[in-house]
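Shown below: run.csv, with CSV, C-alpha atoms.
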```
chain,number,residue,atom,x,y,z
A,651,MET,CA,-47.7,138.8,64.2
A,652,ARG,CA,-45.7,141.7,62.8
A,653,PRO,CA,-42.2,142.1,64.1
A,654,GLU,CA,-43.1,145.6,65.3
A,655,ASP,CA,-46.2,147.2,66.5
A,656,GLU,CA,-46.9,150.9,65.7
A,657,ARG,CA,-49.1,153.1,67.7
A,658,ILE,CA,-50.0,156.7,66.8
A,659,THR,CA,-51.4,159.0,69.4
A,660,THR,CA,-52.2,162.7,69.4
A,661,ASP,CA,-51.5,164.9,72.5
A,662,PRO,CA,-54.8,166.8,73.2
A,663,MET,CA,-53.0,169.7,74.9
A,664,THR,CA,-50.5,170.5,72.1
A,665,GLY,CA,-52.1,168.8,69.2
A,666,THR,CA,-48.9,167.0,68.3
A,667,THR,CA,-48.9,163.6,66.9
A,668,VAL,CA,-46.7,161.0,68.5
A,669,ARG,CA,-45.7,157.8,66.7
A,670,GLU,CA,-44.6,155.0,69.0
A,671,VAL,CA,-43.0,151.9,67.5
A,672,HIS,CA,-42.4,148.9,69.6
A,673,HIS,CA,-40.0,146.4,68.2
A,674,ARG,CA,-40.6,142.8,69.2
A,675,SER,CA,-37.7,140.3,69.1
A,676,GLY,CA,-38.6,137.0,67.5
A,677,ASN,CA,-35.3,135.5,68.8
A,678,SER,CA,-36.3,135.1,72.5
A,679,GLY,CA,-37.9,131.8,71.9
A,680,TRP,CA,-34.8,130.5,70.2
A,681,TRP,CA,-32.6,131.7,73.0
A,682,ILE,CA,-34.8,129.9,75.6
A,683,ALA,CA,-34.8,126.7,73.5
A,684,ALA,CA,-31.0,126.9,73.1
A,685,LEU,CA,-30.6,127.3,76.9
A,686,VAL,CA,-32.8,124.4,77.6
A,687,ALA,CA,-30.9,122.2,75.1
A,688,ILE,CA,-27.6,123.2,76.7
A,689,VAL,CA,-28.8,122.3,80.2
A,690,ALA,CA,-30.2,119.0,78.9
A,691,ILE,CA,-26.9,118.1,77.2
A,692,LEU,CA,-24.9,119.0,80.3
A,693,GLY,CA,-27.2,116.8,82.4
A,694,ILE,CA,-26.7,113.9,80.1
A,695,VAL,CA,-22.9,114.3,80.1
A,696,PHE,CA,-23.0,114.5,83.9
A,697,MET,CA,-25.1,111.4,84.3
A,698,THR,CA,-22.9,109.5,81.8
A,699,ASN,CA,-19.7,110.5,83.6
A,700,ASN,CA,-21.3,109.7,86.9
A,701,ARG,CA,-22.0,106.1,85.7
A,702,ASN,CA,-18.5,105.7,84.5
A,703,THR,CA,-17.2,107.0,87.8
A,704,GLN,CA,-19.3,104.4,89.6
A,705,ALA,CA,-18.0,101.6,87.4
A,706,GLU,CA,-14.4,102.8,87.9
A,707,LEU,CA,-14.9,103.0,91.7
A,708,GLN,CA,-16.3,99.4,91.7
A,709,ALA,CA,-13.3,98.2,89.6
A,710,ALA,CA,-10.9,99.9,92.0
A,711,GLN,CA,-12.6,98.3,95.0
A,712,ASP,CA,-12.4,94.9,93.4
A,713,GLN,CA,-8.8,95.4,92.5
A,714,GLY,CA,-8.0,96.5,96.1
A,715,ARG,CA,-9.7,93.4,97.4
A,716,ALA,CA,-7.7,91.2,95.1
A,717,SER,CA,-4.5,92.9,96.0
A,718,ALA,CA,-5.2,92.5,99.7
A,719,MET,CA,-6.0,88.8,99.2
A,720,ILE,CA,-2.7,88.3,97.3
A,721,ASP,CA,-0.8,90.2,100.0
A,722,ASN,CA,-2.4,88.0,102.7
A,723,ALA,CA,-1.6,84.8,100.8
A,724,THR,CA,2.0,86.0,100.4
A,725,GLN,CA,2.3,86.8,104.1
A,726,GLU,CA,0.9,83.4,105.0
A,727,ALA,CA,3.3,81.7,102.6
A,728,ARG,CA,6.2,83.5,104.1
A,729,GLU,CA,5.2,82.5,107.6
A,730,ALA,CA,4.7,78.9,106.5
A,731,ALA,CA,8.2,78.9,104.9
A,732,ALA,CA,9.7,80.4,108.0
A,733,SER,CA,8.0,77.7,110.1
A,734,ALA,CA,9.1,75.0,107.8
A,735,SER,CA,12.7,76.3,107.8
A,736,ALA,CA,12.7,76.3,111.6
A,737,ALA,CA,11.3,72.8,111.7
A,738,SER,CA,13.9,71.7,109.2
A,739,SER,CA,16.7,73.3,111.3
A,740,GLN,CA,15.4,71.5,114.4
A,741,ALA,CA,15.3,68.2,112.5
A,742,VAL,CA,18.9,68.7,111.4
A,743,ASP,CA,19.9,69.5,115.0
A,744,SER,CA,18.0,66.4,116.2
A,745,MET,CA,19.6,64.2,113.6
A,746,ALA,CA,23.0,65.5,114.4
A,747,ALA,CA,22.5,64.9,118.1
A,748,ALA,CA,21.2,61.4,117.4
A,749,SER,CA,24.1,60.7,115.2
A,750,GLN,CA,26.5,62.0,117.8
A,751,SER,CA,24.8,59.9,120.5
A,752,ALA,CA,24.9,56.8,118.2
A,753,ALA,CA,28.6,57.4,117.5
A,754,ASP,CA,29.4,57.9,121.2
A,755,SER,CA,27.5,54.6,122.0
A,756,ALA,CA,29.3,52.8,119.2
A,757,LYS,CA,32.7,54.1,120.4
A,758,ALA,CA,31.8,53.0,124.0
A,759,ALA,CA,30.8,49.6,122.7
A,760,ALA,CA,34.0,49.3,120.7
A,761,ASP,CA,36.1,50.4,123.7
A,762,ARG,CA,34.4,47.7,125.9
A,763,THR,CA,34.9,45.1,123.2
A,764,ALA,CA,38.6,46.1,123.0
A,765,GLN,CA,38.9,45.9,126.8
A,766,ALA,CA,37.2,42.5,126.8
A,767,ALA,CA,39.5,41.3,124.1
A,768,GLN,CA,42.6,42.4,126.0
A,769,SER,CA,41.4,40.7,129.2
```

Final structure tokens representation of the file:
Amino acid sequence: MRPEDERITTDPMTGTTVREVHHRSGNSGWWIAALVAIVAILGIVFMTNNRNTQAELQAAQDQGRASAMIDNATQEAREAAASASAASSQAVDSMAAASQSAADSAKAAADRTAQAAQS
């Protein structure tokens, strides 16, 4: 096809000849192809980024779960340590009371022995 079409007409009333030239653009197909290519590229970029975002989201969720598990384990360890400390303190108090009672019993026995020796 020619890049331009030419049409010559004669006006029957005046007898003048009119020459009409229609220019056709051969670039419109290229513009459409370029637009389709740009849309396709943008679609691919969007899908690729969306996949990366899903992977990053999953990684963040996994990291959050692991962090929560560590926090729970730390809290349980603190509670166990506090419980062990309280039990140890009670054992020390018990041992001290038992030692004091044994010392008092020994002193009473020594006093009775001393009284018996004097009598």

Please measure the separation of atom CA of A:Arg701 and atom CA of A:Gly714, giving the value in Å to one decimal.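 Taking atom CA of A:Arg701 as the start and atom CA of A:Gly714 as the end point, the length is 19.9 Å.
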
So how many Å separate atom CA of A:Ser739 and atom CA of A:Asn722, to one decimal?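 Going from atom CA of A:Ser739 over to atom CA of A:Asn722 covers 25.6 Å.
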
Would you mind reading off the distance between atom CA of A:Ser738 and atom CA of A:Met719, one decimal, in Å?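 Between these atoms lies a distance of 28.1 Å.
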
Just save stretch 744-760 of chain A with all heavy atoms, as an mmCIF file, in the first residue's frame.
```cif
data_model
loop_
_atom_site.group_PDB
_atom_site.id
_atom_site.type_symbol
_atom_site.label_atom_id
_atom_site.label_comp_id
_atom_site.auth_asym_id
_atom_site.auth_seq_id
_atom_site.Cartn_x
_atom_site.Cartn_y
_atom_site.Cartn_z
ATOM 1 N N SER A 744 13.903 -23.325 106.451
ATOM 2 C CA SER A 744 13.602 -24.588 107.128
ATOM 3 C C SER A 744 14.839 -25.154 107.804
ATOM 4 O O SER A 744 14.791 -25.638 108.929
ATOM 5 C CB SER A 744 13.102 -25.590 106.106
ATOM 6 O OG SER A 744 11.794 -25.947 106.343
ATOM 7 N N MET A 745 15.961 -25.121 107.051
ATOM 8 C CA MET A 745 17.217 -25.636 107.612
ATOM 9 C C MET A 745 17.642 -24.794 108.821
ATOM 10 O O MET A 745 18.117 -25.343 109.823
ATOM 11 C CB MET A 745 18.312 -25.609 106.540
ATOM 12 C CG MET A 745 18.102 -26.596 105.415
ATOM 13 S SD MET A 745 18.482 -28.259 105.905
ATOM 14 C CE MET A 745 20.245 -28.211 105.950
ATOM 15 N N ALA A 746 17.473 -23.493 108.721
ATOM 16 C CA ALA A 746 17.852 -22.620 109.831
ATOM 17 C C ALA A 746 16.984 -22.918 111.046
ATOM 18 O O ALA A 746 17.481 -23.003 112.190
ATOM 19 C CB ALA A 746 17.727 -21.158 109.422
ATOM 20 N N ALA A 747 15.675 -23.100 110.802
ATOM 21 C CA ALA A 747 14.770 -23.403 111.920
ATOM 22 C C ALA A 747 15.114 -24.763 112.517
ATOM 23 O O ALA A 747 15.125 -24.928 113.762
ATOM 24 C CB ALA A 747 13.323 -23.379 111.434
ATOM 25 N N ALA A 748 15.413 -25.735 111.679
ATOM 26 C CA ALA A 748 15.768 -27.065 112.176
ATOM 27 C C ALA A 748 17.073 -27.010 112.957
ATOM 28 O O ALA A 748 17.217 -27.647 114.013
ATOM 29 C CB ALA A 748 15.874 -28.046 111.014
ATOM 30 N N SER A 749 18.035 -26.259 112.458
ATOM 31 C CA SER A 749 19.320 -26.124 113.156
ATOM 32 C C SER A 749 19.125 -25.437 114.495
ATOM 33 O O SER A 749 19.720 -25.842 115.512
ATOM 34 C CB SER A 749 20.308 -25.318 112.317
ATOM 35 O OG SER A 749 20.634 -26.012 111.147
ATOM 36 N N GLN A 750 18.281 -24.399 114.513
ATOM 37 C CA GLN A 750 18.018 -23.691 115.766
ATOM 38 C C GLN A 750 17.330 -24.618 116.764
ATOM 39 O O GLN A 750 17.664 -24.639 117.946
ATOM 40 C CB GLN A 750 17.136 -22.455 115.502
ATOM 41 C CG GLN A 750 16.901 -21.600 116.727
ATOM 42 C CD GLN A 750 18.186 -20.992 117.277
ATOM 43 O OE1 GLN A 750 19.056 -20.573 116.538
ATOM 44 N NE2 GLN A 750 18.318 -20.980 118.590
ATOM 45 N N SER A 751 16.362 -25.415 116.268
ATOM 46 C CA SER A 751 15.647 -26.357 117.130
ATOM 47 C C SER A 751 16.604 -27.413 117.665
ATOM 48 O O SER A 751 16.559 -27.763 118.851
ATOM 49 C CB SER A 751 14.529 -27.011 116.325
ATOM 50 O OG SER A 751 13.857 -27.976 117.100
ATOM 51 N N ALA A 752 17.483 -27.905 116.787
ATOM 52 C CA ALA A 752 18.464 -28.904 117.233
ATOM 53 C C ALA A 752 19.414 -28.294 118.249
ATOM 54 O O ALA A 752 19.774 -28.934 119.246
ATOM 55 C CB ALA A 752 19.229 -29.452 116.039
ATOM 56 N N ALA A 753 19.817 -27.050 118.013
ATOM 57 C CA ALA A 753 20.718 -26.379 118.965
ATOM 58 C C ALA A 753 20.019 -26.173 120.302
ATOM 59 O O ALA A 753 20.627 -26.370 121.365
ATOM 60 C CB ALA A 753 21.174 -25.043 118.389
ATOM 61 N N ASP A 754 18.731 -25.774 120.250
ATOM 62 C CA ASP A 754 17.975 -25.586 121.491
ATOM 63 C C ASP A 754 17.834 -26.918 122.234
ATOM 64 O O ASP A 754 17.984 -26.978 123.469
ATOM 65 C CB ASP A 754 16.595 -24.999 121.199
ATOM 66 C CG ASP A 754 16.656 -23.536 120.734
ATOM 67 O OD1 ASP A 754 17.726 -22.901 120.932
ATOM 68 O OD2 ASP A 754 15.647 -23.040 120.171
ATOM 69 N N SER A 755 17.553 -27.992 121.500
ATOM 70 C CA SER A 755 17.420 -29.323 122.121
ATOM 71 C C SER A 755 18.745 -29.755 122.725
ATOM 72 O O SER A 755 18.800 -30.310 123.829
ATOM 73 C CB SER A 755 16.967 -30.351 121.089
ATOM 74 O OG SER A 755 15.664 -30.081 120.656
ATOM 75 N N ALA A 756 19.829 -29.516 122.011
ATOM 76 C CA ALA A 756 21.143 -29.896 122.521
ATOM 77 C C ALA A 756 21.480 -29.096 123.777
ATOM 78 O O ALA A 756 22.054 -29.627 124.742
ATOM 79 C CB ALA A 756 22.200 -29.692 121.451
ATOM 80 N N LYS A 757 21.149 -27.816 123.804
ATOM 81 C CA LYS A 757 21.416 -26.968 124.970
ATOM 82 C C LYS A 757 20.593 -27.433 126.158
ATOM 83 O O LYS A 757 21.083 -27.519 127.290
ATOM 84 C CB LYS A 757 21.109 -25.510 124.655
ATOM 85 C CG LYS A 757 21.468 -24.591 125.781
ATOM 86 C CD LYS A 757 21.239 -23.155 125.435
ATOM 87 C CE LYS A 757 21.645 -22.346 126.644
ATOM 88 N NZ LYS A 757 21.047 -21.077 126.750
ATOM 89 N N ALA A 758 19.302 -27.781 125.879
ATOM 90 C CA ALA A 758 18.445 -28.268 126.958
ATOM 91 C C ALA A 758 18.993 -29.585 127.499
ATOM 92 O O ALA A 758 19.022 -29.807 128.721
ATOM 93 C CB ALA A 758 17.016 -28.446 126.461
ATOM 94 N N ALA A 759 19.457 -30.438 126.614
ATOM 95 C CA ALA A 759 20.022 -31.717 127.059
ATOM 96 C C ALA A 759 21.298 -31.482 127.843
ATOM 97 O O ALA A 759 21.552 -32.137 128.865
ATOM 98 C CB ALA A 759 20.283 -32.610 125.850
ATOM 99 N N ALA A 760 22.107 -30.529 127.417
ATOM 100 C CA ALA A 760 23.346 -30.218 128.126
ATOM 101 C C ALA A 760 23.037 -29.640 129.496
ATOM 102 O O ALA A 760 23.716 -29.958 130.490
ATOM 103 C CB ALA A 760 24.188 -29.249 127.307
#
```
